[in-house]
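**Q** Here it is, the structure, as structure tokens.
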Amino acid sequence: MLLLPYIVDVDSFCKDPLLVIKNLDVTYAAKGEETAALCGICLEICAKEVVGVLGESGSGKTTLGTAIVGGLPTGSAIKSGLIQLAGVETSSLDEKAWQRIRGRVVSMIWQEPRIALNPVMRVGVQVAEVVRAHNKWSSSKCKDAAMSALTDVHLDAAKIFDAFPHELSGGQCQRVAIAQAIVCNPQLIIADEPTSALDSTVQTGILDLIAELRERTQTAFLLITHNPAILRRLADRILVMNAGRIVEQGGAAEVLAHPSHPYTKKLLESRGKLLQSATFHR
Ligand SMILES: Nc1ncnc2c1ncn2[C@@H]1O[C@H](COP(=O)(O)OP(=O)(O)O)[C@@H](O)[C@H]1O
Ligand SMILES: [Mg+2]
């Protein structure tokens with residue numbers, strides 16, 4: 001059974017945050033040495049919110065996303081702090097409990113869709129498997145749900161269901177991965193550089209899809225990227241990470257137009273120019 005809900009601070013900025021992270025420290029052990037990847041991370045995400053995580057390579061973005069979905073690799077350790085998802089403190093969940101949470105409460109979209117998908121399994125079956133893991137449904141009902149999710153990500157479901165990942169383009173594979181992420185209607189989706197591995201011509205289509213899903217499904221997103229332009233378009237709030245720490249956070253428009261931390265200023269300047277005029281969907 002899941003654990004008792006963690007009691008949220010009364011001064012939390014929203015009443016029932018979907019995700020609460022407090023003072024999270026994560027380390028990796030390599031060659032007998034322990035290195036800190038995340039230091040003192042504090043974060044809350046409310047229902048329907050899109051929170052962007054901005055930072056250069058190596059700043060700890062993927063470690064943060066992976067820690068939230070309980071997927072930290074061997075050799076890494078949560079040294080202190082807590083992660084609470086939909087009222088459940090996750091540190092003592094076993095793998096069986098995680099399987100109930102992943103896909104239904106929180107899903108992750110990875111940077112490399114071809115690595116995320118099983119190369120020897122038909123893509124439609126891979127989406128249906130997520131449904132089957134969470135529901136005691138017949139095969140045909142699971143298949144129907146998978147077909148519907150593939151249609152939702154604007155793939156020709158009937159045509160693509162029986163394809164293998166190598167028969168699809170990178171953009172199509174990422175759409176399949178997104179179909180897997182949304183098929184059980186999770187409350188929170190972590191998207192880790194969802195367009196970085198794709199051709200620039202395909203990137204816009206995937207961002208359009210994320211924007212559309214956000215509006216239609218009201219799912220909260222943690223959108224991880226090194227690209228401020230993506231957050232300018234999609235994020236409500238932004239956290240800026242450097243060397244495992246959050247160095248600045250605030251409303252997306254404010255952070256992008258008027259960064260206060262020297263690291264953020266440098267990061268934005270290095271992308272060409274400060275993003276002065278931010279436009280938002282909400
Ligand atoms: N599996 C791992 N083993 C050892 N160190 C790792 C591993 N994954 C990441 N790191 C280290 O942790 C830090 C943060 O990495 P990461 O979370 O991947 O950053 P980002 O996603 O922002 O590029 C980096 O210093 C990186 O070298
Ligand atoms: Mg990364």
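Labels used: A, B, ... for chains in the order of the structure tokens, numbers from 1 for residues in each chain, and numbers from 1 for ligands as shown.
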If we count only C-alpha atoms, what is near segment 68-80 of chain A at a cut-off of 8 Å, once residues fewer than 4 positions away on the same chain are taken out, given as a list of chain:residue names?
**A**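 With the cut-off at 8 Å, the set is A:Asn23, A:Leu24, A:Asp25, A:Val26, A:Thr27, A:Tyr28, A:Ala29, A:Ala30, A:Thr63, A:Leu64, A:Thr90, A:Trp98, A:Arg102, A:Val106, A:Ser107, A:Met108.
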**Q** May I have the residues from that selection written out with N, CA and C atoms, as an mmCIF file, in the first residue's frame?
**A**
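Okay, this is what ended up in part.cif:
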```cif
data_model
loop_
_atom_site.group_PDB
_atom_site.id
_atom_site.type_symbol
_atom_site.label_atom_id
_atom_site.label_comp_id
_atom_site.auth_asym_id
_atom_site.auth_seq_id
_atom_site.Cartn_x
_atom_site.Cartn_y
_atom_site.Cartn_z
ATOM 1 N N ASN A 23 14.729 20.219 -0.125
ATOM 2 C CA ASN A 23 16.157 20.055 0.232
ATOM 3 C C ASN A 23 16.769 18.771 -0.308
ATOM 4 N N LEU A 24 16.535 18.514 -1.582
ATOM 5 C CA LEU A 24 16.999 17.253 -2.176
ATOM 6 C C LEU A 24 18.479 17.326 -2.544
ATOM 7 N N ASP A 25 19.227 16.363 -2.010
ATOM 8 C CA ASP A 25 20.642 16.204 -2.366
ATOM 9 C C ASP A 25 20.806 14.835 -3.022
ATOM 10 N N VAL A 26 21.400 14.818 -4.211
ATOM 11 C CA VAL A 26 21.658 13.542 -4.905
ATOM 12 C C VAL A 26 23.135 13.484 -5.284
ATOM 13 N N THR A 27 23.736 12.309 -5.085
ATOM 14 C CA THR A 27 25.147 12.134 -5.461
ATOM 15 C C THR A 27 25.293 10.964 -6.432
ATOM 16 N N TYR A 28 26.398 10.978 -7.176
ATOM 17 C CA TYR A 28 26.811 9.814 -7.976
ATOM 18 C C TYR A 28 28.153 9.357 -7.424
ATOM 19 N N ALA A 29 28.332 8.060 -7.407
ATOM 20 C CA ALA A 29 29.643 7.524 -7.017
ATOM 21 C C ALA A 29 30.326 7.036 -8.284
ATOM 22 N N ALA A 30 31.492 7.562 -8.553
ATOM 23 C CA ALA A 30 32.248 7.116 -9.727
ATOM 24 C C ALA A 30 33.720 7.035 -9.352
ATOM 25 N N THR A 63 19.128 14.471 -13.861
ATOM 26 C CA THR A 63 19.141 13.828 -12.535
ATOM 27 C C THR A 63 17.875 14.202 -11.770
ATOM 28 N N LEU A 64 17.471 15.461 -11.855
ATOM 29 C CA LEU A 64 16.258 15.908 -11.170
ATOM 30 C C LEU A 64 15.027 15.156 -11.699
ATOM 31 N N THR A 90 7.977 9.534 -1.703
ATOM 32 C CA THR A 90 8.373 8.443 -2.605
ATOM 33 C C THR A 90 9.593 7.647 -2.150
ATOM 34 N N TRP A 98 6.116 1.794 -7.428
ATOM 35 C CA TRP A 98 6.501 2.728 -8.493
ATOM 36 C C TRP A 98 5.780 2.391 -9.796
ATOM 37 N N ARG A 102 4.177 5.295 -11.955
ATOM 38 C CA ARG A 102 4.685 5.706 -13.272
ATOM 39 C C ARG A 102 3.647 5.420 -14.341
ATOM 40 N N VAL A 106 2.708 10.066 -12.712
ATOM 41 C CA VAL A 106 3.773 10.814 -13.383
ATOM 42 C C VAL A 106 4.330 9.989 -14.540
ATOM 43 N N SER A 107 4.602 10.665 -15.648
ATOM 44 C CA SER A 107 5.232 10.005 -16.804
ATOM 45 C C SER A 107 6.453 10.805 -17.204
ATOM 46 N N MET A 108 7.368 10.141 -17.907
ATOM 47 C CA MET A 108 8.548 10.859 -18.372
ATOM 48 C C MET A 108 8.697 10.689 -19.878
#
```
**Q** Find the residues around Glu254 of chain A up to 9 Å (only C-alpha atoms counted), leave out those fewer than 4 positions away in its own chain, and share them as a list in words.
**A**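 Within the cut-off, the hits are Arg237, Gly250, His258, Pro259 and Ala278 of chain A.
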**Q** Would you export the selected residues with C-alpha atoms as an mmCIF file, in the first residue's frame, please?
**A**
```
data_model
loop_
_atom_site.group_PDB
_atom_site.id
_atom_site.type_symbol
_atom_site.label_atom_id
_atom_site.label_comp_id
_atom_site.auth_asym_id
_atom_site.auth_seq_id
_atom_site.Cartn_x
_atom_site.Cartn_y
_atom_site.Cartn_z
ATOM 1 C CA ARG A 237 7.467 29.444 -14.233
ATOM 2 C CA GLY A 250 10.302 33.063 -11.005
ATOM 3 C CA HIS A 258 14.879 40.451 -16.437
ATOM 4 C CA PRO A 259 17.190 37.729 -15.163
ATOM 5 C CA ALA A 278 7.777 36.900 -23.909
#
```
**Q** I'd like a table as JSON lines: residues in segment 86-131 of chain A with an atom no more than 10 Å from segment 139-142 of chain A, each row giving the shortest atom pair and its distance in Å to one decimal, only C-alpha atoms counted, sorted by chain and rising residue number.
**A**
```
{"residue": "A:Val125", "atom": "CA", "partner": "A:Cys142", "partner_atom": "CA", "distance": 9.1}
{"residue": "A:Val127", "atom": "CA", "partner": "A:Cys142", "partner_atom": "CA", "distance": 8.7}
{"residue": "A:Ala128", "atom": "CA", "partner": "A:Cys142", "partner_atom": "CA", "distance": 5.3}
{"residue": "A:Glu129", "atom": "CA", "partner": "A:Cys142", "partner_atom": "CA", "distance": 7.7}
{"residue": "A:Val130", "atom": "CA", "partner": "A:Cys142", "partner_atom": "CA", "distance": 8.7}
{"residue": "A:Val131", "atom": "CA", "partner": "A:Cys142", "partner_atom": "CA", "distance": 5.7}
```
**Q** If you keep C-alpha atoms, can you produce a file of those selected residues as an mmCIF file, in the first residue's frame?
**A**
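Ended up saving to result_10.cif:
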```cif
data_model
loop_
_atom_site.group_PDB
_atom_site.id
_atom_site.type_symbol
_atom_site.label_atom_id
_atom_site.label_comp_id
_atom_site.auth_asym_id
_atom_site.auth_seq_id
_atom_site.Cartn_x
_atom_site.Cartn_y
_atom_site.Cartn_z
ATOM 1 C CA VAL A 125 1.903 -2.781 -28.476
ATOM 2 C CA VAL A 127 1.633 1.927 -25.885
ATOM 3 C CA ALA A 128 -0.974 -0.766 -25.108
ATOM 4 C CA GLU A 129 1.414 -2.320 -22.558
ATOM 5 C CA VAL A 130 1.319 0.894 -20.525
ATOM 6 C CA VAL A 131 -2.486 0.674 -20.469
#
```
**Q** Using only C-alpha atoms and all ligand atoms, pick whichever of A:Cys173, A:Val51, A:Ile109, A:Leu207 has the shortest atom-to-atom distance to ligand 2.
**A**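 Result for the nearest residue to ligand 2: A:Ile109.
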**Q** Residues within 12 Å of ligand 2 (only C-alpha atoms and all ligand atoms), as a PDB file with C-alpha atoms, in the first residue's frame?
**A**
```pdb
ATOM      1  CA  ALA A  37      24.685  16.215  -8.727  1.00  0.00           C
ATOM      2  CA  VAL A  53      13.998  23.856 -15.834  1.00  0.00           C
ATOM      3  CA  LEU A  54      16.716  25.769 -17.647  1.00  0.00           C
ATOM      4  CA  GLY A  55      20.411  24.982 -17.404  1.00  0.00           C
ATOM      5  CA  GLU A  56      23.506  24.064 -19.337  1.00  0.00           C
ATOM      6  CA  SER A  57      24.643  20.512 -19.900  1.00  0.00           C
ATOM      7  CA  GLY A  58      25.747  18.916 -16.636  1.00  0.00           C
ATOM      8  CA  SER A  59      23.720  21.219 -14.408  1.00  0.00           C
ATOM      9  CA  GLY A  60      21.638  18.333 -13.019  1.00  0.00           C
ATOM     10  CA  LYS A  61      18.418  18.615 -15.039  1.00  0.00           C
ATOM     11  CA  THR A  62      18.163  14.955 -16.035  1.00  0.00           C
ATOM     12  CA  THR A  63      19.141  13.828 -12.535  1.00  0.00           C
ATOM     13  CA  LEU A  64      16.258  15.908 -11.170  1.00  0.00           C
ATOM     14  CA  GLY A  65      13.733  14.443 -13.631  1.00  0.00           C
ATOM     15  CA  THR A  66      14.997  10.911 -13.068  1.00  0.00           C
ATOM     16  CA  ILE A 109       9.366  11.757 -21.953  1.00  0.00           C
ATOM     17  CA  TRP A 110      13.066  11.174 -22.602  1.00  0.00           C
ATOM     18  CA  GLN A 111      15.478  13.014 -24.841  1.00  0.00           C
ATOM     19  CA  GLU A 112      16.193  10.034 -27.098  1.00  0.00           C
ATOM     20  CA  ALA A 191       9.749  16.104 -20.469  1.00  0.00           C
ATOM     21  CA  ASP A 192      13.560  15.954 -20.570  1.00  0.00           C
ATOM     22  CA  GLU A 193      14.856  17.846 -23.611  1.00  0.00           C
ATOM     23  CA  PRO A 194      12.016  16.363 -25.673  1.00  0.00           C
ATOM     24  CA  THR A 195      13.166  17.963 -28.920  1.00  0.00           C
ATOM     25  CA  SER A 196      16.961  18.113 -28.537  1.00  0.00           C
ATOM     26  CA  ALA A 197      17.615  14.861 -30.378  1.00  0.00           C
ATOM     27  CA  LEU A 223       9.808  20.884 -19.006  1.00  0.00           C
ATOM     28  CA  ILE A 224      13.572  20.413 -18.942  1.00  0.00           C
ATOM     29  CA  THR A 225      15.667  22.194 -21.549  1.00  0.00           C
ATOM     30  CA  HIS A 226      18.855  24.144 -22.229  1.00  0.00           C
ATOM     31  CA  MET A 241      19.947  25.350 -12.517  1.00  0.00           C
ATOM     32  CA  GLY A 244      23.147  21.053  -9.174  1.00  0.00           C
TER      33      GLY A 244
END
```
**Q** Which residue is closest to ligand 1? Choose from A:Gly103, A:Pro113, A:Gly32, A:Pro17 and count only C-alpha atoms and all ligand atoms.
**A**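 Selected residue with least distance to ligand 1: A:Gly32.
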**Q** Which residues, written as a list in words, have at least one atom at most 9 Å from Ile206 of chain A, with only C-alpha atoms counted and residues fewer than 3 positions away on the same chain left out?
**A** Gly171, Gln174, Arg175, Pro194, Thr195, Val202, Gln203, Leu209, Ile210 and Ala211 of chain A
**Q** Would you mind writing down, as a compact mmCIF listing (two decimals) with N, CA and C atoms, in the first residue's frame, each residue of segment 108-189 of chain A that DSSP on the backbone assigns to helix (DSSP H, G or I)?
**A**
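File produced: part_4.txt:
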```
# COMPACT_ATOMS: atom_id res chain seq x y z
N PRO A 113 14.09 9.35 -28.14
CA PRO A 113 12.93 8.48 -28.24
C PRO A 113 13.29 7.06 -28.69
N ARG A 114 14.30 6.93 -29.53
CA ARG A 114 14.64 5.58 -30.01
C ARG A 114 15.21 4.71 -28.89
N ILE A 115 15.86 5.37 -27.92
CA ILE A 115 16.40 4.60 -26.79
C ILE A 115 15.27 4.27 -25.82
N ALA A 116 14.30 5.19 -25.72
CA ALA A 116 13.18 4.97 -24.79
C ALA A 116 12.28 3.83 -25.25
N VAL A 123 5.32 -0.67 -32.03
CA VAL A 123 5.13 0.54 -31.21
C VAL A 123 3.74 0.60 -30.59
N GLY A 124 2.73 0.16 -31.32
CA GLY A 124 1.37 0.19 -30.77
C GLY A 124 1.25 -0.70 -29.54
N VAL A 125 1.92 -1.85 -29.61
CA VAL A 125 1.90 -2.78 -28.48
C VAL A 125 2.59 -2.13 -27.27
N GLN A 126 3.64 -1.35 -27.55
CA GLN A 126 4.34 -0.68 -26.44
C GLN A 126 3.44 0.32 -25.73
N VAL A 127 2.57 0.99 -26.50
CA VAL A 127 1.63 1.93 -25.88
C VAL A 127 0.55 1.13 -25.13
N ALA A 128 0.07 0.05 -25.75
CA ALA A 128 -0.97 -0.77 -25.11
C ALA A 128 -0.47 -1.40 -23.82
N GLU A 129 0.83 -1.73 -23.77
CA GLU A 129 1.41 -2.32 -22.56
C GLU A 129 1.30 -1.38 -21.36
N VAL A 130 1.46 -0.08 -21.62
CA VAL A 130 1.32 0.89 -20.53
C VAL A 130 -0.12 0.84 -19.98
N VAL A 131 -1.08 0.74 -20.89
CA VAL A 131 -2.49 0.67 -20.47
C VAL A 131 -2.72 -0.60 -19.65
N ARG A 132 -2.17 -1.70 -20.16
CA ARG A 132 -2.38 -3.00 -19.51
C ARG A 132 -1.77 -3.02 -18.10
N ALA A 133 -0.65 -2.30 -17.94
CA ALA A 133 0.02 -2.27 -16.63
C ALA A 133 -0.85 -1.60 -15.57
N HIS A 134 -1.79 -0.77 -16.01
CA HIS A 134 -2.58 -0.01 -15.04
C HIS A 134 -4.05 -0.40 -14.99
N SER A 139 -7.46 -7.30 -24.02
CA SER A 139 -6.45 -6.84 -24.99
C SER A 139 -7.04 -5.83 -25.96
N SER A 140 -8.28 -6.09 -26.38
CA SER A 140 -8.84 -5.19 -27.39
C SER A 140 -9.13 -3.81 -26.80
N LYS A 141 -9.52 -3.77 -25.53
CA LYS A 141 -9.76 -2.47 -24.91
C LYS A 141 -8.43 -1.70 -24.72
N CYS A 142 -7.38 -2.45 -24.35
CA CYS A 142 -6.06 -1.82 -24.22
C CYS A 142 -5.61 -1.30 -25.58
N LYS A 143 -5.85 -2.10 -26.63
CA LYS A 143 -5.46 -1.67 -27.98
C LYS A 143 -6.25 -0.42 -28.38
N ASP A 144 -7.52 -0.39 -28.08
CA ASP A 144 -8.34 0.79 -28.41
C ASP A 144 -7.79 2.05 -27.74
N ALA A 145 -7.40 1.90 -26.47
CA ALA A 145 -6.85 3.07 -25.74
C ALA A 145 -5.54 3.51 -26.37
N ALA A 146 -4.72 2.53 -26.79
CA ALA A 146 -3.44 2.86 -27.43
C ALA A 146 -3.68 3.56 -28.78
N MET A 147 -4.64 3.04 -29.53
CA MET A 147 -4.97 3.65 -30.84
C MET A 147 -5.42 5.10 -30.63
N SER A 148 -6.22 5.29 -29.61
CA SER A 148 -6.72 6.62 -29.32
C SER A 148 -5.58 7.57 -28.94
N ALA A 149 -4.62 7.08 -28.12
CA ALA A 149 -3.48 7.93 -27.73
C ALA A 149 -2.59 8.23 -28.95
N LEU A 150 -2.41 7.24 -29.82
CA LEU A 150 -1.60 7.48 -31.03
C LEU A 150 -2.28 8.52 -31.92
N THR A 151 -3.60 8.48 -31.97
CA THR A 151 -4.34 9.49 -32.74
C THR A 151 -4.19 10.86 -32.09
N ASP A 152 -4.22 10.87 -30.75
CA ASP A 152 -4.08 12.15 -30.02
C ASP A 152 -2.74 12.83 -30.31
N ALA A 157 -2.86 6.10 -36.54
CA ALA A 157 -2.77 4.97 -35.61
C ALA A 157 -2.86 3.62 -36.32
N ALA A 158 -3.80 3.50 -37.25
CA ALA A 158 -3.99 2.21 -37.92
C ALA A 158 -2.73 1.82 -38.70
N LYS A 159 -2.08 2.82 -39.26
CA LYS A 159 -0.91 2.56 -40.10
C LYS A 159 0.33 2.25 -39.25
N ILE A 160 0.39 2.93 -38.11
CA ILE A 160 1.65 2.90 -37.35
C ILE A 160 1.66 1.83 -36.25
N PRO A 165 10.10 0.54 -34.12
CA PRO A 165 10.70 1.88 -34.03
C PRO A 165 11.62 2.23 -35.21
N HIS A 166 12.40 1.24 -35.71
CA HIS A 166 13.35 1.57 -36.79
C HIS A 166 12.64 1.92 -38.10
N GLU A 167 11.36 1.60 -38.17
CA GLU A 167 10.60 1.94 -39.39
C GLU A 167 10.03 3.36 -39.34
N GLY A 170 12.52 9.91 -36.34
CA GLY A 170 12.75 10.31 -34.95
C GLY A 170 11.55 11.04 -34.38
N GLY A 171 10.94 11.91 -35.19
CA GLY A 171 9.78 12.67 -34.73
C GLY A 171 8.59 11.75 -34.46
N GLN A 172 8.41 10.74 -35.33
CA GLN A 172 7.31 9.78 -35.11
C GLN A 172 7.56 8.98 -33.83
N CYS A 173 8.83 8.59 -33.62
CA CYS A 173 9.16 7.84 -32.38
C CYS A 173 8.87 8.69 -31.16
N GLN A 174 9.21 9.99 -31.22
CA GLN A 174 8.94 10.83 -30.06
C GLN A 174 7.43 10.95 -29.84
N ARG A 175 6.65 10.98 -30.92
CA ARG A 175 5.19 11.02 -30.76
C ARG A 175 4.68 9.73 -30.11
N VAL A 176 5.26 8.60 -30.49
CA VAL A 176 4.87 7.33 -29.85
C VAL A 176 5.21 7.39 -28.35
N ALA A 177 6.41 7.92 -28.04
CA ALA A 177 6.81 8.03 -26.63
C ALA A 177 5.86 8.96 -25.87
N ILE A 178 5.40 10.00 -26.53
CA ILE A 178 4.45 10.92 -25.89
C ILE A 178 3.10 10.21 -25.71
N ALA A 179 2.71 9.40 -26.70
CA ALA A 179 1.46 8.63 -26.56
C ALA A 179 1.56 7.71 -25.35
N GLN A 180 2.73 7.08 -25.16
CA GLN A 180 2.92 6.23 -23.97
C GLN A 180 2.77 7.06 -22.69
N ALA A 181 3.33 8.27 -22.74
CA ALA A 181 3.31 9.12 -21.54
C ALA A 181 1.90 9.57 -21.18
N ILE A 182 1.05 9.78 -22.18
CA ILE A 182 -0.28 10.36 -21.89
C ILE A 182 -1.40 9.32 -21.80
```
**Q** Quick one, how far is atom CA of Cys184 of chain A from atom CA of Met121 of chain A?
**A**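 These atoms are spaced 19.7 Å apart.
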**Q** Would you kindly return, as a ChimeraX atom specification, each protein, DNA or RNA residue with an atom no farther than 9 Å from any atom of Val240 of chain A, considering only C-alpha atoms and excluding same-chain residues fewer than 5 positions away?
**A** /A:52-55,245-249,255,263-264
**Q** Write a file of the selected residues as a compact mmCIF listing (two decimals), in the first residue's frame, keeping C-alpha atoms.
**A**
```txt
# COMPACT_ATOMS: atom_id res chain seq x y z
CA GLY A 52 10.54 24.95 -16.97
CA VAL A 53 14.00 23.86 -15.83
CA LEU A 54 16.72 25.77 -17.65
CA GLY A 55 20.41 24.98 -17.40
CA ARG A 245 21.55 24.07 -7.53
CA ILE A 246 18.57 26.25 -8.38
CA VAL A 247 20.15 29.67 -8.73
CA GLU A 248 17.08 31.61 -9.82
CA GLN A 249 13.37 31.05 -10.18
CA VAL A 255 13.11 35.51 -15.55
CA TYR A 263 24.53 32.84 -14.35
CA THR A 264 21.07 33.31 -15.89
```
**Q** Nearest residue to Ala47 of chain A out of A:Leu18, A:Val105, A:Val153, A:Val183, using only C-alpha atoms?
**A** A:Leu18
**Q** Identify which of the residues A:Arg100, A:Leu188, A:Phe221, A:Phe161 lies closest to Asn135 of chain A, counting only C-alpha atoms when measuring atom-to-atom distances.
**A**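 Of all the options, A:Arg100 lies closest to Asn135 of chain A.
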**Q** Taking the DSSP assignment computed from this structure's backbone, write out as a PDB file with C-alpha atoms, in the first residue's frame all residues of segment 130-259 of chain A that belong to strand (DSSP E).
**A**
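Saved file result18.pdb follows:
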```pdb
ATOM      1  CA  LEU A 188       2.395  15.293 -14.226  1.00  0.00           C
ATOM      2  CA  ILE A 189       4.663  14.752 -17.220  1.00  0.00           C
ATOM      3  CA  ILE A 190       8.411  15.264 -17.010  1.00  0.00           C
ATOM      4  CA  ALA A 191       9.749  16.104 -20.469  1.00  0.00           C
ATOM      5  CA  ASP A 192      13.560  15.954 -20.570  1.00  0.00           C
ATOM      6  CA  ALA A 220       1.153  19.652 -15.348  1.00  0.00           C
ATOM      7  CA  PHE A 221       4.580  19.571 -17.001  1.00  0.00           C
ATOM      8  CA  LEU A 222       8.143  19.825 -15.784  1.00  0.00           C
ATOM      9  CA  LEU A 223       9.808  20.884 -19.006  1.00  0.00           C
ATOM     10  CA  ILE A 224      13.572  20.413 -18.942  1.00  0.00           C
ATOM     11  CA  THR A 225      15.667  22.194 -21.549  1.00  0.00           C
ATOM     12  CA  ARG A 237       7.467  29.444 -14.233  1.00  0.00           C
ATOM     13  CA  ILE A 238      11.167  28.826 -14.710  1.00  0.00           C
ATOM     14  CA  LEU A 239      13.870  27.390 -12.450  1.00  0.00           C
ATOM     15  CA  VAL A 240      17.442  28.033 -13.513  1.00  0.00           C
ATOM     16  CA  MET A 241      19.947  25.350 -12.517  1.00  0.00           C
ATOM     17  CA  ASN A 242      23.712  25.589 -12.278  1.00  0.00           C
ATOM     18  CA  ARG A 245      21.555  24.066  -7.532  1.00  0.00           C
ATOM     19  CA  ILE A 246      18.575  26.250  -8.379  1.00  0.00           C
ATOM     20  CA  VAL A 247      20.146  29.672  -8.727  1.00  0.00           C
ATOM     21  CA  GLU A 248      17.082  31.606  -9.817  1.00  0.00           C
ATOM     22  CA  GLN A 249      13.367  31.045 -10.185  1.00  0.00           C
ATOM     23  CA  GLY A 250      10.302  33.063 -11.005  1.00  0.00           C
ATOM     24  CA  GLY A 251       7.608  33.731 -13.565  1.00  0.00           C
TER      25      GLY A 251
END
```
